[in-house]
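Student: File entry_29.cif below, mmCIF, C-alpha atoms and all ligand atoms:
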data_entry
#
loop_
_atom_site.label_atom_id
_atom_site.label_comp_id
_atom_site.auth_asym_id
_atom_site.auth_seq_id
_atom_site.Cartn_x
_atom_site.Cartn_y
_atom_site.Cartn_z
CA MET A 1 100.44 129.16 54.83
CA ALA A 2 100.55 125.47 55.65
CA ALA A 3 104.15 125.87 56.86
CA VAL A 4 103.18 128.76 59.18
CA GLY A 5 100.29 126.67 60.55
CA THR A 6 102.63 123.81 61.25
CA LEU A 7 105.08 126.13 62.97
CA LEU A 8 102.33 127.65 65.15
CA TYR A 9 101.12 124.17 66.05
CA LEU A 10 104.66 123.07 66.85
CA GLY A 11 105.19 126.20 68.99
CA ALA A 12 102.01 125.56 70.96
CA TRP A 13 103.00 121.93 71.44
CA MET A 14 106.53 122.88 72.57
CA SER A 15 105.28 125.37 75.18
CA ALA A 16 102.71 122.88 76.46
CA TRP A 17 105.46 120.30 76.71
CA SER A 18 107.83 122.64 78.60
CA ILE A 19 105.08 123.47 81.13
CA THR A 20 104.42 119.76 81.74
CA ALA A 21 108.12 119.10 82.04
CA ALA A 22 108.53 121.93 84.56
CA VAL A 23 105.63 120.66 86.70
CA SER A 24 106.68 117.04 86.85
CA SER A 25 110.39 118.06 86.76
CA SER A 26 111.38 114.58 85.52
CA PRO A 27 109.99 111.77 83.33
CA VAL A 28 109.18 109.62 86.36
CA LYS A 29 105.78 107.98 86.05
CA LEU A 30 104.17 105.70 88.65
CA GLU A 31 101.93 102.93 87.34
CA ASN A 32 99.99 99.81 88.37
CA ILE A 33 99.16 101.03 91.86
CA ARG A 34 97.43 98.12 93.62
CA TRP A 35 96.22 97.09 97.03
CA LEU A 36 96.92 93.45 97.93
CA SER A 37 95.26 92.34 101.12
CA LEU A 38 94.85 88.85 102.61
CA ASP A 39 93.58 88.18 106.15
CA PHE A 40 94.09 91.90 106.91
CA LYS A 41 97.74 92.01 105.88
CA THR A 42 97.57 94.95 103.48
CA VAL A 43 100.36 95.85 101.06
CA LEU A 44 100.44 98.68 98.53
CA THR A 45 102.40 97.90 95.35
CA TRP A 46 103.34 99.97 92.31
CA THR A 47 105.76 100.12 89.40
CA CYS A 48 107.76 103.01 87.98
CA SER A 49 108.69 103.92 84.41
CA CYS A 50 112.12 104.87 85.78
CA SER A 51 115.38 103.12 86.47
CA PRO A 52 114.70 101.47 89.87
CA ALA A 53 117.98 102.48 91.54
CA ASP A 54 117.50 106.19 90.80
CA TYR A 55 114.65 107.00 93.17
CA ASN A 56 113.26 106.40 96.64
CA TYR A 57 109.59 106.49 97.67
CA THR A 58 107.82 107.80 100.75
CA ILE A 59 104.26 106.65 101.42
CA TRP A 60 101.69 108.95 102.98
CA PHE A 61 98.15 107.96 103.86
CA SER A 62 94.96 109.64 104.96
CA GLN A 63 91.71 108.43 106.44
CA GLY A 64 88.28 109.01 105.00
CA GLU A 65 87.42 112.55 104.06
CA THR A 66 90.15 114.14 106.18
CA VAL A 67 92.99 116.02 104.58
CA ASP A 68 95.49 115.09 107.29
CA TRP A 69 98.21 113.09 105.63
CA MET A 70 100.59 110.97 107.69
CA GLU A 71 103.82 109.24 106.74
CA SER A 72 104.01 105.46 107.01
CA LEU A 73 107.00 105.12 109.33
CA ASP A 74 108.20 101.87 107.69
CA CYS A 75 108.11 103.38 104.21
CA ILE A 76 110.15 106.58 104.37
CA GLN A 77 112.66 106.81 101.51
CA THR A 78 112.24 103.16 100.66
CA PRO A 79 113.86 101.93 97.43
CA HIS A 80 111.23 99.14 97.14
CA PHE A 81 108.04 99.05 95.06
CA GLU A 82 105.84 97.98 97.96
CA CYS A 83 104.81 99.13 101.40
CA ASP A 84 103.09 97.10 104.15
CA LEU A 85 100.45 99.45 105.57
CA SER A 86 98.65 96.88 107.80
CA GLU A 87 99.60 98.63 111.04
CA ASP A 88 98.87 102.11 109.68
CA LEU A 89 95.33 101.58 108.40
CA LYS A 90 93.60 101.55 111.81
CA PRO A 91 90.76 101.73 112.66
CA MET A 92 90.20 99.35 109.78
CA ASP A 93 86.64 100.13 108.76
CA ARG A 94 87.50 103.42 106.98
CA ASN A 95 88.25 104.37 103.39
CA TYR A 96 91.94 105.11 103.13
CA ARG A 97 93.95 106.72 100.38
CA ALA A 98 97.70 106.53 99.98
CA ASP A 99 100.02 108.96 98.22
CA ILE A 100 103.24 107.58 96.75
CA ARG A 101 105.80 110.39 96.63
CA VAL A 102 108.93 109.97 94.55
CA GLU A 103 112.13 111.14 96.27
CA HIS A 104 115.45 112.19 94.79
CA HIS A 105 118.25 114.23 96.37
CA SER A 106 117.99 116.75 93.53
CA PHE A 107 114.27 117.44 94.22
CA ASP A 108 112.99 120.52 96.02
CA ASP A 109 111.46 120.12 99.45
CA ASP A 110 108.25 121.46 97.98
CA PHE A 111 106.17 118.30 97.60
CA ASP A 112 103.71 119.77 95.14
CA GLU A 113 106.43 120.07 92.52
CA ASN A 114 107.63 116.48 92.80
CA PRO A 115 106.13 113.48 91.04
CA HIS A 116 103.64 111.52 93.10
CA MET A 117 100.53 109.42 92.61
CA PHE A 118 97.38 108.75 94.66
CA SER A 119 96.17 105.20 95.20
CA PRO A 120 92.56 104.15 94.72
CA PRO A 121 90.58 104.21 98.02
CA PHE A 122 90.76 101.08 100.17
CA ASN A 123 88.85 99.83 103.21
CA PRO A 124 90.74 96.92 104.81
CA TYR A 125 87.79 95.76 106.92
CA ARG A 126 85.51 95.42 103.90
CA GLN A 127 87.95 94.62 101.10
CA SER A 128 90.64 92.33 102.53
CA ASN A 129 90.44 88.81 101.08
CA ILE A 130 89.98 85.93 103.51
CA SER A 131 91.95 82.74 102.90
CA ALA A 132 90.56 79.18 102.83
CA VAL A 133 89.98 77.69 106.29
CA GLN A 134 91.00 74.35 107.79
CA PHE A 135 88.36 72.34 109.59
CA SER A 136 87.77 68.95 111.16
CA LEU A 137 84.66 66.77 111.22
CA VAL A 138 83.50 65.29 114.50
CA ASN A 139 80.71 62.67 114.31
CA VAL A 140 78.30 63.24 117.20
CA ASN A 141 75.84 60.49 116.25
CA LYS A 142 74.38 59.01 113.06
CA THR A 143 72.50 62.20 112.08
CA THR A 144 74.68 65.01 113.45
CA VAL A 145 78.25 66.22 112.84
CA ILE A 146 80.21 69.08 114.40
CA ILE A 147 82.41 71.11 112.06
CA ASN A 148 85.33 72.48 113.98
CA ILE A 149 86.78 75.46 112.07
CA THR A 150 90.21 77.01 112.68
CA ASP A 151 89.98 80.80 112.19
CA PRO A 152 92.77 82.01 109.81
CA VAL A 153 95.43 84.10 111.56
CA THR A 154 96.29 87.72 110.73
CA SER A 155 99.69 89.41 110.85
CA PHE A 156 98.69 91.28 114.05
CA HIS A 157 99.78 90.34 117.54
CA HIS A 158 98.00 91.12 120.77
CA GLN A 159 99.66 90.39 124.14
CA GLY A 160 102.20 88.09 122.52
CA LYS A 161 99.53 86.08 120.69
CA GLN A 162 98.81 86.10 116.97
CA SER A 163 95.33 87.52 116.33
CA THR A 164 92.82 85.67 114.17
CA ILE A 165 90.27 87.08 111.76
CA ARG A 166 87.70 86.47 114.54
CA ASP A 167 89.57 89.01 116.73
CA VAL A 168 89.19 91.56 113.91
CA LEU A 169 85.67 90.81 112.61
CA LYS A 170 84.12 89.63 115.91
CA LYS A 171 80.35 89.15 115.45
CA ASP A 172 80.53 90.09 111.75
CA LEU A 173 82.33 86.79 111.04
CA LYS A 174 80.08 83.87 110.12
CA TYR A 175 80.92 80.66 108.29
CA LYS A 176 79.01 79.21 105.38
CA ILE A 177 78.93 75.41 105.13
CA LEU A 178 77.97 73.66 101.88
CA TYR A 179 77.26 69.94 102.07
CA TYR A 180 75.82 67.19 99.94
CA LYS A 181 75.05 63.51 100.19
CA ALA A 182 77.69 61.33 98.51
CA GLY A 183 76.49 60.54 94.98
CA SER A 184 73.93 63.37 94.96
CA THR A 185 74.31 66.78 93.33
CA ARG A 186 71.83 68.60 95.54
CA GLU A 187 73.74 70.95 97.81
CA ARG A 188 72.52 72.26 101.11
CA GLU A 189 73.81 75.27 102.97
CA VAL A 190 74.10 76.27 106.63
CA VAL A 191 75.38 79.54 108.09
CA SER A 192 77.03 79.39 111.48
CA ASP A 193 77.72 82.32 113.82
CA SER A 194 80.50 80.50 115.61
CA SER A 195 83.61 78.59 114.56
CA THR A 196 82.10 75.36 115.88
CA ALA A 197 79.13 74.56 113.65
CA THR A 198 76.57 71.80 114.16
CA VAL A 199 74.96 70.20 111.11
CA SER A 200 72.00 67.99 112.03
CA GLY A 201 69.21 66.23 110.15
CA LEU A 202 71.57 64.05 108.10
CA GLU A 203 70.35 60.67 106.86
CA ALA A 204 71.67 57.91 109.08
CA GLY A 205 74.38 55.72 107.59
CA LEU A 206 75.03 57.86 104.48
CA GLY A 207 78.29 59.62 103.62
CA TYR A 208 78.27 63.42 103.31
CA CYS A 209 80.84 65.89 101.95
CA PHE A 210 81.41 69.35 103.47
CA MET A 211 83.05 72.60 102.35
CA VAL A 212 83.50 75.75 104.44
CA ALA A 213 84.16 79.46 103.71
CA ALA A 214 84.26 82.57 105.86
CA PHE A 215 81.09 84.61 105.30
CA ILE A 216 80.76 88.31 106.16
CA PRO A 217 77.18 89.42 105.37
CA LYS A 218 77.96 92.98 106.48
CA ARG A 219 80.19 93.46 103.42
CA PRO A 220 79.00 94.36 99.91
CA LYS A 221 77.94 91.24 97.94
CA PRO A 222 81.04 90.48 95.84
CA ARG A 223 83.29 90.49 98.93
CA GLN A 224 81.16 88.52 101.38
CA HIS A 225 82.80 85.12 100.91
CA GLY A 226 86.32 84.04 101.77
CA ALA A 227 88.01 81.34 99.69
CA TRP A 228 86.37 77.88 99.86
CA SER A 229 88.14 75.19 101.88
CA GLN A 230 89.05 71.77 100.58
CA GLN A 231 86.21 69.28 100.74
CA GLN A 232 86.03 66.70 103.53
CA CYS A 233 83.73 63.70 103.57
CA SER A 234 82.30 61.54 106.32
CA GLN A 235 82.18 57.81 105.67
CA ALA A 236 79.04 55.87 104.96
CA ASP A 237 78.71 52.84 107.26
CA THR A 238 76.10 50.68 105.48
CA HIS A 239 78.26 48.75 103.01
CA ILE A 240 80.80 46.28 104.28
CA LEU A 241 82.65 46.55 100.97
CA GLN A 242 83.33 50.26 101.54
CA GLU A 243 84.83 49.57 104.94
CA LEU A 244 87.48 47.19 103.64
CA SER A 245 90.96 48.59 103.90
CA PHE A 246 93.37 48.83 100.99
CA GLY A 247 95.23 45.78 102.34
CA ALA A 248 92.06 43.73 102.32
CA TRP A 249 91.38 44.69 98.71
CA VAL A 250 94.93 43.69 97.71
CA GLY A 251 94.39 40.34 99.49
CA ILE A 252 91.15 39.69 97.61
CA VAL A 253 92.66 40.55 94.24
CA LEU A 254 95.73 38.35 94.88
CA THR A 255 93.54 35.42 95.96
CA LEU A 256 91.38 35.72 92.81
CA LEU A 257 94.54 35.90 90.71
CA VAL A 258 95.97 32.72 92.31
CA VAL A 259 92.67 30.85 91.81
CA PHE A 260 92.58 31.99 88.16
CA VAL A 261 96.16 30.83 87.53
CA ILE A 262 95.41 27.42 89.12
CA ILE A 263 92.29 26.95 86.95
CA ILE A 264 94.23 27.85 83.78
CA THR A 265 97.11 25.54 84.66
CA VAL A 266 94.83 22.61 85.50
CA SER A 267 92.84 23.03 82.27
CA VAL A 268 95.99 23.28 80.16
CA ILE A 269 97.41 20.09 81.72
CA TYR A 270 94.06 18.28 81.32
CA CYS A 271 93.78 19.29 77.61
CA ARG A 272 97.34 18.17 76.86
CA ARG A 273 96.71 14.77 78.44
CA ARG A 274 93.49 14.32 76.45
CA ASN A 275 95.18 15.34 73.22
CA LYS A 276 98.01 12.85 73.85
CA ARG A 277 95.54 10.02 74.55
CA ASN A 278 93.55 10.92 71.41
CA THR A 279 96.68 10.97 69.28
CA SER A 280 97.90 7.59 70.58
CA ARG A 281 94.44 6.03 70.11
CA HIS A 282 94.37 7.49 66.61
CA THR A 283 97.80 6.05 65.80
CA SER A 284 96.94 2.61 67.14
CA SER A 285 93.67 2.43 65.22
CA SER A 286 95.18 3.55 61.89
CA PRO A 287 95.10 0.97 59.06
CA ILE A 288 98.21 -1.16 58.63
C1 LIG B 1 91.25 89.43 96.27
O1 LIG B 1 91.32 88.26 95.47
C2 LIG B 1 90.91 88.48 94.12
C3 LIG B 1 90.90 87.14 93.42
O2 LIG B 1 92.09 86.44 93.63
C4 LIG B 1 91.87 89.47 93.46
O3 LIG B 1 91.46 89.71 92.15
C5 LIG B 1 91.83 90.78 94.24
O4 LIG B 1 92.78 91.67 93.72
C6 LIG B 1 92.17 90.52 95.71
N1 LIG B 1 91.98 91.75 96.45
C7 LIG B 1 92.87 92.22 97.30
C8 LIG B 1 92.54 93.48 97.98
O5 LIG B 1 93.93 91.63 97.55
C1 LIG B 2 117.56 106.71 98.95
O1 LIG B 2 117.61 106.68 100.38
C2 LIG B 2 118.88 106.31 100.88
C3 LIG B 2 118.77 106.21 102.39
O2 LIG B 2 117.74 106.99 102.89
C4 LIG B 2 119.93 107.36 100.45
O3 LIG B 2 121.20 106.98 100.92
C5 LIG B 2 119.94 107.42 98.92
O4 LIG B 2 120.82 108.44 98.48
C6 LIG B 2 118.54 107.71 98.38
N1 LIG B 2 118.58 107.61 96.93
C7 LIG B 2 118.16 108.59 96.13
C8 LIG B 2 118.22 108.32 94.68
O5 LIG B 2 117.72 109.66 96.56
C1 LIG B 3 72.16 63.36 117.80
O1 LIG B 3 72.67 64.46 118.54
C2 LIG B 3 71.84 65.62 118.48
C3 LIG B 3 72.60 66.74 119.18
O2 LIG B 3 73.33 66.29 120.25
C4 LIG B 3 70.49 65.34 119.10
O3 LIG B 3 69.68 66.49 119.01
C5 LIG B 3 69.84 64.18 118.35
O4 LIG B 3 68.62 63.84 118.96
C6 LIG B 3 70.77 62.99 118.31
N1 LIG B 3 70.18 61.98 117.43
C7 LIG B 3 70.25 60.66 117.66
C8 LIG B 3 69.63 59.77 116.64
O5 LIG B 3 70.79 60.22 118.66
C1 LIG B 4 88.30 71.79 117.74
O1 LIG B 4 89.68 71.84 117.41
C2 LIG B 4 90.48 72.37 118.44
C3 LIG B 4 91.90 72.45 117.92
O2 LIG B 4 92.14 71.63 116.83
C4 LIG B 4 90.38 71.48 119.67
O3 LIG B 4 91.15 72.02 120.73
C5 LIG B 4 88.91 71.39 120.12
O4 LIG B 4 88.78 70.49 121.19
C6 LIG B 4 88.07 70.91 118.96
N1 LIG B 4 86.66 70.94 119.34
C7 LIG B 4 85.82 69.92 119.16
C8 LIG B 4 84.41 70.12 119.53
O5 LIG B 4 86.20 68.86 118.66
#
Output the structure of this file as C-alpha cells.
Tutor:
Amino acid sequence: MAAVGTLLYLGAWMSAWSITAAVSSSPVKLENIRWLSLDFKTVLTWTCSCSPADYNYTIWFSQGETVDWMESLDCIQTPHFECDLSEDLKPMDRNYRADIRVEHHSFDDDFDENPHMFSPPFNPYRQSNISAVQFSLVNVNKTTVIINITDPVTSFHHQGKQSTIRDVLKKDLKYKILYYKAGSTREREVVSDSSTATVSGLEAGLGYCFMVAAFIPKRPKPRQHGAWSQQQCSQADTHILQELSFGAWVGIVLTLLVVFVIIITVSVIYCRRRNKRNTSRHTSSSPI
C-alpha cells in the first residue's frame, strides 16, 4: 500500500512538473529586479538564473492603472542585465511597472508562453534619490550669511542645456539647512524655498557650521530628504590666535624651540664650569 501511495504521489508530482515546464518552456528564472534612481536617472536591473550569453531581454513598461504596454526603444533584445528607462518614464509623477521579457530565437512569438517577470511599481518623481549638494557660504555681515546652493544636475537635456533637479521638481524643491555654533551641540534648522538661502540672527563674531540637503515635503516621509552635504564652517573673528596662519604657528614653535635649546646649552655650560671650579677648590684644599 505504501508503495502504491508513493507511486501516486510521484505521478501527481511528475504531471505537475510537466505542466510547469510546458508553461515556462525553459528553466530561465529572473531574480533581484531592482529600480536604481539618482537625480531622476532611473535604471532597472535584474539577474537571471541562466547562462548570460543564451538569452536577450526586451523591456516593456506601462503607466499607472493602464494596460497599454510599450517597448523601451533602447532595450529591445538587449543582452545586458539593465535598462535605462529615464526617458521612458514621463510624465514622472506616475506609478510605472516594467515587464522584463526573456527572448530566445527558439521561443514562440506568443509572449504569454515565454518567461518574463514584472517589476515592483516605481514613481520616479517621488522615489528617485537626490544626491548631496555643493554650496558656498557668503558672509553678508556679522549676523547674516547667504548659502548659495548648486542644484544637482539630472541626465536630461533641454535646449542643449543639462537640466537640474529644480527644472524637474520646480516649487516642490526646498532645501533644509542645519547649523550650529562651533563648540555647541544644539542644532538649528531652516527651510528655504530657493537655492539661495539667507540665515540671519547669528551671534556676532562666533563661528557656525552648516549642512544642506534637498527637501521635498510633498513626498512621503522616508523619501523627503536628499543626501546631506559636507559640512562647511564660517570663521570666528574674536580670537587673534585663531586667525594665525599655519606659517605663523610654525614660526612660533620654532622660536620657542630655539629659546629652549639656548637655555639648556647655557645651563649645561654654567654647571660644568661650576663643577670644575668646585673640583679644583676641593683638590687644592685637600690635606697634604
Ligand atoms: C536610494 O538610496 C537608498 C540608500 O542608499 C537605497 O537603499 C535605495 O535603494 C535607493 N533607491 C533608489 C530608487 O535608487
Ligand atoms: C540576441 O540579439 C542579437 C541581436 O538582436 C541576435 O543576433 C542574437 O541571436 C540574440 N540572441 C539570442 C540568444 O536570441
Ligand atoms: C545684516 O544684513 C541683514 C540682511 O541684509 C540685515 O537685515 C541686518 O540688519 C544686518 N545686520 C547688521 C548688524 O548689519
Ligand atoms: C552663487 O554661485 C553662483 C555660481 O557659483 C554665482 O554665479 C552666484 O553669483 C552666487 N551668488 C551669490 C549670492 O553669491
Student: Axis-aligned box over every listed atom of ligand LIG 1 (chain B), padded by 6 Å per side: centre and edges in Å to one decimal, as JSON?
Tutor:
{"center_x": 92.4, "center_y": 90.0, "center_z": 95.1, "size_x": 15.0, "size_y": 19.0, "size_z": 17.8}
Student: Listing only residues of chain A within 9 Å of ligand LIG 3 (chain B), what is the closest atom pair and its distance in Å (to one decimal) for each, using only C-alpha atoms and all ligand atoms, sorted by chain and residue number ascending, as CSV?
Tutor:
residue,atom,partner,partner_atom,distance
A:Val140,CA,B:LIG3,O1,5.9
A:Asn141,CA,B:LIG3,C1,4.9
A:Lys142,CA,B:LIG3,C8,6.0
A:Thr143,CA,B:LIG3,N1,5.8
A:Thr144,CA,B:LIG3,C1,5.3
A:Val145,CA,B:LIG3,O1,8.2
A:Thr198,CA,B:LIG3,C3,8.2
A:Ser200,CA,B:LIG3,C2,6.9
A:Gly201,CA,B:LIG3,C5,8.5
A:Ala204,CA,B:LIG3,C8,8.0
Student: Set out as a tab-separated table a contact list for chain A and ligand LIG 1 (chain B) with a cut-off of 8 Å, giving each residue of chain A that qualifies its closest atom pair and distance in Å to one decimal, counting only C-alpha atoms and all ligand atoms, ordered by chain and rising residue number.
Tutor:
residue	atom	partner	partner_atom	distance
A:Arg34	CA	B:LIG1	O4	8.0
A:Trp35	CA	B:LIG1	C8	5.2
A:Leu36	CA	B:LIG1	O5	3.5
A:Ser37	CA	B:LIG1	O5	3.9
A:Leu38	CA	B:LIG1	O5	5.8
A:Thr42	CA	B:LIG1	C8	7.6
A:Pro124	CA	B:LIG1	C8	7.9
A:Gln127	CA	B:LIG1	C8	5.7
A:Ser128	CA	B:LIG1	C8	5.1
A:Asn129	CA	B:LIG1	C1	4.9
Student: Using only C-alpha atoms and all ligand atoms, determine which residues fall within 9 Å of ligand LIG 4 (chain B), then list them as a list of chain:residue names.
Tutor: A:Phe135, A:Ser136, A:Leu137, A:Val138, A:Ile146, A:Ile147, A:Asn148, A:Ile149, A:Thr150, A:Ser195, A:Thr196
Student: Considering only C-alpha atoms and all ligand atoms, give me a table of residues in chain A that are at most 7 Å from ligand LIG 2 (chain B), with the closest atom pair and distance in Å for each, as a Markdown table.
Tutor:
| residue | atom | partner | partner_atom | distance |
| --- | --- | --- | --- | --- |
| A:Ala53 | CA | B:LIG2 | C8 | 6.6 |
| A:Asp54 | CA | B:LIG2 | C8 | 4.5 |
| A:Tyr55 | CA | B:LIG2 | C8 | 4.1 |
| A:Asn56 | CA | B:LIG2 | C1 | 4.9 |
| A:Gln77 | CA | B:LIG2 | O1 | 5.1 |
| A:Thr78 | CA | B:LIG2 | O1 | 6.4 |
| A:Pro79 | CA | B:LIG2 | C1 | 6.2 |
| A:Glu103 | CA | B:LIG2 | O5 | 5.8 |
| A:His104 | CA | B:LIG2 | O5 | 3.8 |
| A:His105 | CA | B:LIG2 | O5 | 4.6 |
Student: Using only C-alpha atoms, which protein or nucleic acid residues come within 6 Å of stretch 117-120 of chain A? Drop anything in the same chain fewer than 6 positions from it, and give the result as a count of residues only.
Tutor: 4
Student: List as a PyMOL selection string the protein and nucleic acid residues near A:Trp228, meaning an atom at most 9 Å away when only C-alpha atoms are counted, but skip any in the same chain fewer than 4 places from it.
Tutor: chain A and resi 131-133+211-214
Student: Provide the atom CA of A:Cys48 to atom CA of A:Ile33 distance in Å, to one decimal place.
Tutor: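 About the pair atom CA of A:Cys48 and atom CA of A:Ile33: they are 9.6 Å apart.
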Student: With all atoms listed in the file as the counted atoms, please give the residues lying no more than 9 Å from A:Pro152, apart from itself and same-chain residues fewer than 4 positions off, as an MDAnalysis selection string.
Tutor: chainID A and resid 39 130:134 163:166
Student: For stretch 170-184 of chain A, list every protein, DNA or RNA residue within 8 Å, evaluated using only C-alpha atoms, and leave out those in the same chain fewer than 6 positions away; present the list as number ranges by chain.
Tutor: A: 190-195, 206-218
Student: Please report the interatomic distance between atom CA of A:Leu44 and atom CA of A:Asp93 in Å with one decimal.
Tutor: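 Atom-to-atom, atom CA of A:Leu44 and atom CA of A:Asp93 are spaced 17.2 Å apart.
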Student: Which neighbours of A:Glu31 fall inside 8 Å, counting all atoms listed in the file, when residues of the same chain fewer than 3 positions from it are skipped, and could you give them as a PyMOL selection string?
Tutor: chain A and resi 46-49
Student: Between atom CA of A:Val250 and atom CA of A:Ser234, what is the distance, to one decimal in Å?
Tutor: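 The value is 23.5 Å.
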